[in-house]
Every structure is written in structure tokens, then in C-alpha cells.
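Below is one structure, written out as C-alpha cells; the observations come after it.
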Amino acid sequence: MAVINVFTGERLVFFREWQAGYYGLPAYFVAKNTIESPVQVVAAIIYSAISYWLLGFQHDGVKFILFTVIAISLSICGFTYGFLLGASFNSLSAVLAALPAMFLPFTLFGGLLVNTGNSTVWLRWIQWISPIKYGYSAMMRNQFKGYVVDGAPVGDEYLSEVQLGSFSVGVNIVFVLGFSLIAWAFSYVALAHLTRKRRGESGKSSTKRCQAELLGPPDDRFIKVTEKPSHVATSTVAAESRGPILNLSLE
């Protein structure tokens, strides 16, 4: 939600500066994602450092690091999907209307609310396009794989019961990052479509117009042609007319 609210407000500024020719779409897209990605990483690290120990997960450094990596991948994936929604619609109201329709199926078939192994057959395919499912599976496997209580493999039994799939933690993380790359690509295509529509409506400024806006109006001292005063022009004509007369008198 945060990225949607921020981007829909910044998009008008982008369109205005893009139409003025200050920069192109690739430069804006790369700069925007370069600035926002570290923010998502730092936020995920802070979240992991607080929530992991509060939830009572296993006191294992390796599992904590894997939990942090999974949280970072999900944070980046959520940012890219929010960016995609913000770039696909012209108004914030349209984005908010499309948001539940996009994320509700992903949440329902993410593995937490519905056991995907026991769900309806003709809807079961949704789990394979849900990044939430891969992130949830990675976190569950990170905590329960090989977990033993009093010699009983309760962790493996629980994983087989919830039927989250056979992918390892690393493979699930790769899938989440893969969905992020796909969302990034579609975000660029959506922005390109919006800029194309804007170009058709108003037209992108030429280079000369951009330079004129940046440099301001030219100085009149350099472009104004100074005309000779009328009395100077009259005296010059009179002198030329008296020239022959003087010559005749000398003869």
C-alpha cells in the first residue's frame, strides 16, 4: 500500500518532467528501483530482527539468516507488484479497486488459510502463480524441516500434512525473486504504455523547447538590431548630395 500511495503521487511529477524532456523512461525506471530497493531490504532486515525472536522460532543463526533472506525477497516482490499496479492504472481509486482482486487469490492459496492439497481441483493451479505460497513454503520448511521433539520427527510430519510441495528453501526463494523480475518487466511495459498515451495527447517537447525552458528568454541586447537615428541618416544623405557641388566649384 505504501508504494502504491507514493508512486501514484509521484507519477504526475514524472509525466510533467518527462514531457519537458528532462529525462527518459529508462532513466526514471532504473533510478526509481535503485532508490527503493535498499529501503525494502533494510525494512525487511529490521522486521526479521524483531519478529523472529518474538515469535519463538528456533534459536539457530543459520535459520535466522534464511528467514531474513526470505523476508527480503518477499518485501522486494511486494514492492514490484505494488509498482506494477501503480503503473497500470491512471488513478488511485482504480488501483485500490484492483488491489483486492489481485492479492486475495494469492493470499487464499498461499498455504496459510487454505490447505492447497485439499482445495478444489480446478482452482488449485492458483497456488503456482502465487508468490505468497512460495514465500510461506520457504519459511515453513526453514523452521520445520528436520525438527525433532523427543525423538519424534514432528516437523517433517507437519510438512507432509500441510502439503506445501517438495521445493527446498532455496528453490522457493528463487521463485519469489523470479516473480519479482516478471513484475518489474510488466511495470516497465505499463509505464511505457502510459507515456505513449501521454505523447499522443500532448506531444513530447523538442530539444529546442527544452533548452529554451532551461535557459530562459534571450537577452534583447544580443538580438535587437539597432537602427540609425533619423537625423543621422538625413545628414549623411545631404553630405553625399553636396559632394559633386564642391567638386564643380573647385574646377
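Chains: A, B, ... in order of the C-alpha cells. Residues: from 1 per chain. Ligands: from 1, in order shown.
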Contacts of Leu96 of chain A at 10 Å (only C-alpha atoms; same-chain gap of 2+ positions) as JSON, numbers by chain: {"A": [1, 4, 5, 85, 86, 89, 91, 92, 93, 94, 98, 99, 100, 101]}
Those same residues - N, CA, C and O atoms - I'd like them written as an mmCIF file, in the first residue's frame.
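Below is the file that was written, out_14.cif:
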data_model
loop_
_atom_site.group_PDB
_atom_site.id
_atom_site.type_symbol
_atom_site.label_atom_id
_atom_site.label_comp_id
_atom_site.auth_asym_id
_atom_site.auth_seq_id
_atom_site.Cartn_x
_atom_site.Cartn_y
_atom_site.Cartn_z
ATOM 1 N N MET A 1 0.818 -1.204 0.000
ATOM 2 C CA MET A 1 0.000 0.000 0.000
ATOM 3 C C MET A 1 0.856 1.260 0.000
ATOM 4 O O MET A 1 0.511 2.251 -0.635
ATOM 5 N N ILE A 4 2.150 2.062 -3.441
ATOM 6 C CA ILE A 4 1.069 2.490 -4.334
ATOM 7 C C ILE A 4 0.711 3.950 -4.085
ATOM 8 O O ILE A 4 0.576 4.747 -5.020
ATOM 9 N N ASN A 5 0.565 4.334 -2.813
ATOM 10 C CA ASN A 5 0.218 5.714 -2.493
ATOM 11 C C ASN A 5 1.309 6.679 -2.925
ATOM 12 O O ASN A 5 1.030 7.758 -3.470
ATOM 13 N N LEU A 85 0.935 -2.301 -10.123
ATOM 14 C CA LEU A 85 -0.431 -1.784 -10.035
ATOM 15 C C LEU A 85 -0.458 -0.271 -10.211
ATOM 16 O O LEU A 85 -1.333 0.267 -10.905
ATOM 17 N N GLY A 86 0.483 0.423 -9.605
ATOM 18 C CA GLY A 86 0.521 1.870 -9.747
ATOM 19 C C GLY A 86 0.795 2.329 -11.164
ATOM 20 O O GLY A 86 0.314 3.385 -11.578
ATOM 21 N N PHE A 89 -2.645 1.712 -13.871
ATOM 22 C CA PHE A 89 -3.905 2.441 -13.825
ATOM 23 C C PHE A 89 -3.622 3.931 -13.683
ATOM 24 O O PHE A 89 -2.591 4.338 -13.137
ATOM 25 N N SER A 91 -5.513 6.249 -12.030
ATOM 26 C CA SER A 91 -5.950 6.901 -10.798
ATOM 27 C C SER A 91 -5.763 5.967 -9.619
ATOM 28 O O SER A 91 -5.719 4.747 -9.759
ATOM 29 N N LEU A 92 -5.678 6.574 -8.423
ATOM 30 C CA LEU A 92 -5.510 5.791 -7.209
ATOM 31 C C LEU A 92 -6.752 4.972 -6.900
ATOM 32 O O LEU A 92 -6.652 3.853 -6.383
ATOM 33 N N SER A 93 -7.933 5.492 -7.228
ATOM 34 C CA SER A 93 -9.169 4.747 -6.971
ATOM 35 C C SER A 93 -9.223 3.461 -7.788
ATOM 36 O O SER A 93 -9.666 2.416 -7.297
ATOM 37 N N ALA A 94 -8.756 3.512 -9.029
ATOM 38 C CA ALA A 94 -8.723 2.296 -9.851
ATOM 39 C C ALA A 94 -7.725 1.287 -9.303
ATOM 40 O O ALA A 94 -7.973 0.077 -9.323
ATOM 41 N N ALA A 98 -8.533 -2.564 -7.924
ATOM 42 C CA ALA A 98 -7.912 -3.766 -8.482
ATOM 43 C C ALA A 98 -7.047 -4.511 -7.474
ATOM 44 O O ALA A 98 -6.732 -5.690 -7.680
ATOM 45 N N LEU A 99 -6.670 -3.846 -6.391
ATOM 46 C CA LEU A 99 -5.772 -4.463 -5.413
ATOM 47 C C LEU A 99 -6.346 -5.727 -4.778
ATOM 48 O O LEU A 99 -5.666 -6.764 -4.748
ATOM 49 N N PRO A 100 -7.588 -5.730 -4.275
ATOM 50 C CA PRO A 100 -8.114 -6.975 -3.689
ATOM 51 C C PRO A 100 -8.262 -8.098 -4.708
ATOM 52 O O PRO A 100 -8.016 -9.270 -4.383
ATOM 53 N N ALA A 101 -8.679 -7.754 -5.929
ATOM 54 C CA ALA A 101 -8.856 -8.789 -6.946
ATOM 55 C C ALA A 101 -7.534 -9.460 -7.307
ATOM 56 O O ALA A 101 -7.521 -10.626 -7.719
#
Residues of segment 55-88 of chain A that approach segment 164-174 of chain A to 10 Å or less, counting only C-alpha atoms: could you list each one with the shortest pair of atoms and its distance in Å to one decimal, rows by chain and increasing residue number, as CSV?
residue,atom,partner,partner_atom,distance
A:Leu66,CA,A:Val169,CA,8.3
A:Phe67,CA,A:Val169,CA,9.8
A:Val69,CA,A:Ile173,CA,8.1
A:Ile70,CA,A:Ile173,CA,6.3
A:Ala71,CA,A:Ile173,CA,9.6
A:Ile72,CA,A:Ile173,CA,9.7
A:Ser73,CA,A:Ile173,CA,6.8
A:Leu74,CA,A:Ile173,CA,8.6
Coordinates-based distance that separates atom CA of Leu84 of chain A from atom CA of Tyr52 of chain A (Å, one decimal):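 Atom CA of Leu84 of chain A lies at a distance of 29.5 Å from atom CA of Tyr52 of chain A.
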Residue with smallest distance to Asn33 of chain A - pool A:Val114, A:Val95, A:Ile76, A:Ala192, counting only C-alpha atoms: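 Of the candidates, the smallest distance to Asn33 of chain A is held by A:Ile76.
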